[in-house]
$ cat input.cif   # mmCIF, C-alpha atoms
data_protein
#
loop_
_atom_site.group_PDB
_atom_site.id
_atom_site.type_symbol
_atom_site.label_atom_id
_atom_site.label_comp_id
_atom_site.auth_asym_id
_atom_site.auth_seq_id
_atom_site.Cartn_x
_atom_site.Cartn_y
_atom_site.Cartn_z
ATOM 1 C CA MET A 1 99.504 141.203 90.449
ATOM 2 C CA LEU A 2 98.583 140.809 94.107
ATOM 3 C CA PRO A 3 97.304 144.397 94.509
ATOM 4 C CA GLN A 4 94.996 143.886 91.521
ATOM 5 C CA TRP A 5 93.591 140.678 93.027
ATOM 6 C CA VAL A 6 93.008 142.418 96.335
ATOM 7 C CA ARG A 7 91.260 145.288 94.547
ATOM 8 C CA LEU A 8 89.041 142.781 92.666
ATOM 9 C CA LEU A 9 87.997 141.396 96.040
ATOM 10 C CA GLY A 10 86.870 144.880 97.045
ATOM 11 C CA ARG A 11 89.699 145.572 99.488
ATOM 12 C CA ASP A 12 92.281 148.329 99.755
ATOM 13 C CA PRO A 13 95.444 147.122 97.939
ATOM 14 C CA SER A 14 97.825 149.394 99.907
ATOM 15 C CA PHE A 15 99.084 146.613 102.180
ATOM 16 C CA ALA A 16 99.495 144.182 99.271
ATOM 17 C CA ARG A 17 101.981 146.582 97.675
ATOM 18 C CA THR A 18 104.276 146.254 100.708
ATOM 19 C CA LEU A 19 104.605 142.445 100.524
ATOM 20 C CA ARG A 20 107.724 140.806 99.092
ATOM 21 C CA THR A 21 106.056 138.726 96.397
ATOM 22 C CA GLU A 22 109.200 138.384 94.297
ATOM 23 C CA ILE A 23 110.357 135.542 96.543
ATOM 24 C CA ASN A 24 108.623 132.669 94.787
ATOM 25 C CA PRO A 25 109.563 129.290 93.278
ATOM 26 C CA VAL A 26 110.781 130.877 90.021
ATOM 27 C CA TRP A 27 113.008 133.319 91.912
ATOM 28 C CA CYS A 28 114.335 130.499 94.145
ATOM 29 C CA ARG A 29 115.299 128.332 91.151
ATOM 30 C CA ARG A 30 117.073 131.244 89.486
ATOM 31 C CA THR A 31 118.922 132.168 92.688
ATOM 32 C CA VAL A 32 120.015 128.583 93.391
ATOM 33 C CA LYS A 33 121.329 128.365 89.828
ATOM 34 C CA GLN A 34 123.396 131.515 90.414
ATOM 35 C CA VAL A 35 124.668 130.232 93.773
ATOM 36 C CA SER A 36 125.600 126.867 92.241
ATOM 37 C CA ARG A 37 128.058 128.616 89.920
ATOM 38 C CA LYS A 38 130.203 129.421 92.950
ATOM 39 C CA TYR A 39 129.234 126.710 95.430
ATOM 40 C CA PRO A 40 128.594 123.104 94.372
ATOM 41 C CA VAL A 41 124.931 122.663 95.352
ATOM 42 C CA LYS A 42 122.005 120.868 93.785
ATOM 43 C CA LEU A 43 118.361 121.881 94.211
ATOM 44 C CA LEU A 44 116.410 118.904 95.541
ATOM 45 C CA SER A 45 113.049 120.482 96.278
ATOM 46 C CA LEU A 46 111.175 123.720 96.743
ATOM 47 C CA GLY A 47 108.478 122.059 98.821
ATOM 48 C CA ASP A 48 105.870 121.501 96.122
ATOM 49 C CA ASP A 49 105.433 117.960 97.459
ATOM 50 C CA VAL A 50 104.705 119.352 100.958
ATOM 51 C CA PHE A 51 102.209 121.811 99.467
ATOM 52 C CA LEU A 52 100.388 119.023 97.595
ATOM 53 C CA ASP A 53 100.316 116.792 100.686
ATOM 54 C CA ARG A 54 98.826 119.594 102.763
ATOM 55 C CA LEU A 55 96.121 120.324 100.205
ATOM 56 C CA ALA A 56 95.159 116.660 100.132
ATOM 57 C CA GLN A 57 94.546 116.640 103.916
ATOM 58 C CA PRO A 58 91.314 117.745 105.586
ATOM 59 C CA PHE A 59 91.495 121.394 106.604
ATOM 60 C CA HIS A 60 91.129 122.236 110.288
ATOM 61 C CA PHE A 61 90.464 125.730 111.590
ATOM 62 C CA GLU A 62 91.858 126.905 114.895
ATOM 63 C CA MET A 63 89.116 129.458 115.509
ATOM 64 C CA GLU A 64 85.580 128.102 115.677
ATOM 65 C CA ARG A 65 83.951 131.290 114.381
ATOM 66 C CA THR A 66 86.090 131.159 111.228
ATOM 67 C CA ALA A 67 85.379 127.469 110.839
ATOM 68 C CA THR A 68 81.611 127.932 110.816
ATOM 69 C CA LYS A 69 81.839 130.534 108.056
ATOM 70 C CA LEU A 70 84.332 128.787 105.810
ATOM 71 C CA GLN A 71 83.988 125.075 106.599
ATOM 72 C CA THR A 72 81.209 124.478 104.060
ATOM 73 C CA ILE A 73 83.129 126.236 101.293
ATOM 74 C CA ILE A 74 86.357 124.362 102.087
ATOM 75 C CA THR A 75 84.523 121.015 102.257
ATOM 76 C CA VAL A 76 82.900 121.563 98.847
ATOM 77 C CA MET A 77 86.224 122.599 97.325
ATOM 78 C CA GLN A 78 87.955 119.519 98.744
ATOM 79 C CA ARG A 79 85.289 117.230 97.284
ATOM 80 C CA PHE A 80 85.645 119.019 93.942
ATOM 81 C CA ASN A 81 89.441 118.654 94.085
ATOM 82 C CA VAL A 82 89.553 115.065 92.775
ATOM 83 C CA GLY A 83 93.149 113.987 92.271
ATOM 84 C CA ASN A 84 94.285 117.252 93.858
ATOM 85 C CA TRP A 85 94.008 118.989 90.481
ATOM 86 C CA ILE A 86 93.744 122.387 92.176
ATOM 87 C CA GLY A 87 97.063 121.867 93.948
ATOM 88 C CA ARG A 88 98.734 120.511 90.820
ATOM 89 C CA THR A 89 97.536 123.550 88.866
ATOM 90 C CA ILE A 90 98.946 125.898 91.510
ATOM 91 C CA VAL A 91 102.268 124.011 91.496
ATOM 92 C CA ALA A 92 102.437 124.101 87.673
ATOM 93 C CA ALA A 93 101.870 127.868 87.798
ATOM 94 C CA ARG A 94 104.643 128.136 90.442
ATOM 95 C CA GLY A 95 102.201 129.806 92.814
ATOM 96 C CA TYR A 96 102.562 127.646 95.923
ATOM 97 C CA TYR A 97 103.659 128.825 99.338
ATOM 98 C CA PRO A 98 105.434 128.356 101.701
ATOM 99 C CA ILE A 99 108.688 127.410 100.017
ATOM 100 C CA TYR A 100 110.759 124.689 101.662
ATOM 101 C CA LEU A 101 114.129 125.018 99.975
ATOM 102 C CA THR A 102 116.113 121.774 100.099
ATOM 103 C CA LEU A 103 119.651 121.740 98.711
ATOM 104 C CA ARG A 104 122.386 119.131 98.654
ATOM 105 C CA ARG A 105 126.042 119.988 98.669
ATOM 106 C CA GLU A 106 127.700 118.338 95.707
ATOM 107 C CA PRO A 107 131.282 117.104 95.669
ATOM 108 C CA GLY A 108 133.534 119.671 94.145
ATOM 109 C CA PRO A 109 136.518 121.876 94.706
ATOM 110 C CA ALA A 110 136.620 123.944 97.862
ATOM 111 C CA VAL A 111 135.665 127.549 97.279
ATOM 112 C CA ARG A 112 137.700 130.262 98.958
#

$ encode --input "input.cif" --output "structure tokens"
Amino acid sequence: MLPQWVRLLGRDPSFARTLRTEINPVWCRRTVKQVSRKYPVKLLSLGDDVFLDRLAQPFHFEMERTATKLQTIITVMQRFNVGNWIGRTIVAARGYYPIYLTLRREPGPAVR
């Protein structure tokens, strides 16, 4: 879907077709489930809590020119984001990034 979004924004979608978008929270859960059949691991987190924490913080730009163009838009969006509903919607849709995969090794038989 990324190339279609890029095209809607009026940009050339060629680069978007080269990105590895299949690595997402849904893919990670499925892969951890497959791995856990052989190795005793438990999925603790995919980093959705980190994503929500970051969205709740004020946004700071590193480049001043970018900040002057986007700061007003970001500020309005943050005021509109009461209760971080935007972040919670993104997490519910499994669309957050980056992914911080946290696993715990479970007690079990040694795998050879």

$ residues_around --input "input.cif" --residues "region 77-89 of chain A" --least-positions-apart "2" --cutoff "9 Å" --atoms "all atoms listed in the file" --output "PDB file with C-alpha atoms, in the frame of the given file"
ATOM      1  CA  ASP A  48     105.870 121.501  96.122  1.00  0.00           C
ATOM      2  CA  PHE A  51     102.209 121.811  99.467  1.00  0.00           C
ATOM      3  CA  LEU A  52     100.388 119.023  97.595  1.00  0.00           C
ATOM      4  CA  LEU A  55      96.121 120.324 100.205  1.00  0.00           C
ATOM      5  CA  ALA A  56      95.159 116.660 100.132  1.00  0.00           C
ATOM      6  CA  GLN A  57      94.546 116.640 103.916  1.00  0.00           C
ATOM      7  CA  PRO A  58      91.314 117.745 105.586  1.00  0.00           C
ATOM      8  CA  PHE A  59      91.495 121.394 106.604  1.00  0.00           C
ATOM      9  CA  THR A  72      81.209 124.478 104.060  1.00  0.00           C
ATOM     10  CA  ILE A  73      83.129 126.236 101.293  1.00  0.00           C
ATOM     11  CA  ILE A  74      86.357 124.362 102.087  1.00  0.00           C
ATOM     12  CA  THR A  75      84.523 121.015 102.257  1.00  0.00           C
ATOM     13  CA  VAL A  91     102.268 124.011  91.496  1.00  0.00           C
ATOM     14  CA  ALA A  92     102.437 124.101  87.673  1.00  0.00           C
ATOM     15  CA  ALA A  93     101.870 127.868  87.798  1.00  0.00           C
ATOM     16  CA  ARG A  94     104.643 128.136  90.442  1.00  0.00           C
ATOM     17  CA  GLY A  95     102.201 129.806  92.814  1.00  0.00           C
ATOM     18  CA  TYR A  96     102.562 127.646  95.923  1.00  0.00           C
TER      19      TYR A  96
END

$ resolve_selection --input "input.cif" --expression "the PyMOL selection byres ((chain A and resi 14-18) around 12)" --output "number ranges by chain"
A: 1-7, 11-13, 19-22

$ write_last_selection --input "input.cif" --atoms "C-alpha atoms" --output "PDB file, keeping the file's coordinate frame"
ATOM      1  CA  MET A   1      99.504 141.203  90.449  1.00  0.00           C
ATOM      2  CA  LEU A   2      98.583 140.809  94.107  1.00  0.00           C
ATOM      3  CA  PRO A   3      97.304 144.397  94.509  1.00  0.00           C
ATOM      4  CA  GLN A   4      94.996 143.886  91.521  1.00  0.00           C
ATOM      5  CA  TRP A   5      93.591 140.678  93.027  1.00  0.00           C
ATOM      6  CA  VAL A   6      93.008 142.418  96.335  1.00  0.00           C
ATOM      7  CA  ARG A   7      91.260 145.288  94.547  1.00  0.00           C
ATOM      8  CA  ARG A  11      89.699 145.572  99.488  1.00  0.00           C
ATOM      9  CA  ASP A  12      92.281 148.329  99.755  1.00  0.00           C
ATOM     10  CA  PRO A  13      95.444 147.122  97.939  1.00  0.00           C
ATOM     11  CA  LEU A  19     104.605 142.445 100.524  1.00  0.00           C
ATOM     12  CA  ARG A  20     107.724 140.806  99.092  1.00  0.00           C
ATOM     13  CA  THR A  21     106.056 138.726  96.397  1.00  0.00           C
ATOM     14  CA  GLU A  22     109.200 138.384  94.297  1.00  0.00           C
TER      15      GLU A  22
END

$ atom_distance --input "input.cif" --atom1 "CA of Leu70 (chain A)" --atom2 "CA of Asp49 (chain A)"
25.1 Å

$ atom_distance --input "input.cif" --atom1 "CA of Trp27 (chain A)" --atom2 "CA of Pro107 (chain A)"
24.7 Å

$ resolve_selection --input "input.cif" --expression "the PyMOL selection byres ((chain A and resi 39-41) around 8)" --output "JSON, numbers by chain"
{"A": [32, 35, 36, 37, 38, 42, 43, 103, 104, 105, 106, 107, 108, 111]}

$ resolve_selection --input "input.cif" --expression "the PyMOL selection byres ((chain A and resi 102) around 6)" --output "list in words"
Leu44, Ser45, Leu101 and Leu103 of chain A

$ atom_distance --input "input.cif" --atom1 "CA of Lys33 (chain A)" --atom2 "CA of Tyr97 (chain A)"
20.1 Å

$ axis_aligned_box --input "input.cif" --around "region 13-17 of chain A" --padding-each-side "8 Å" --output "lines of an AutoDock Vina configuration file"
center_x = 98.7
center_y = 146.8
center_z = 99.9
size_x = 22.5
size_y = 21.2
size_z = 20.5
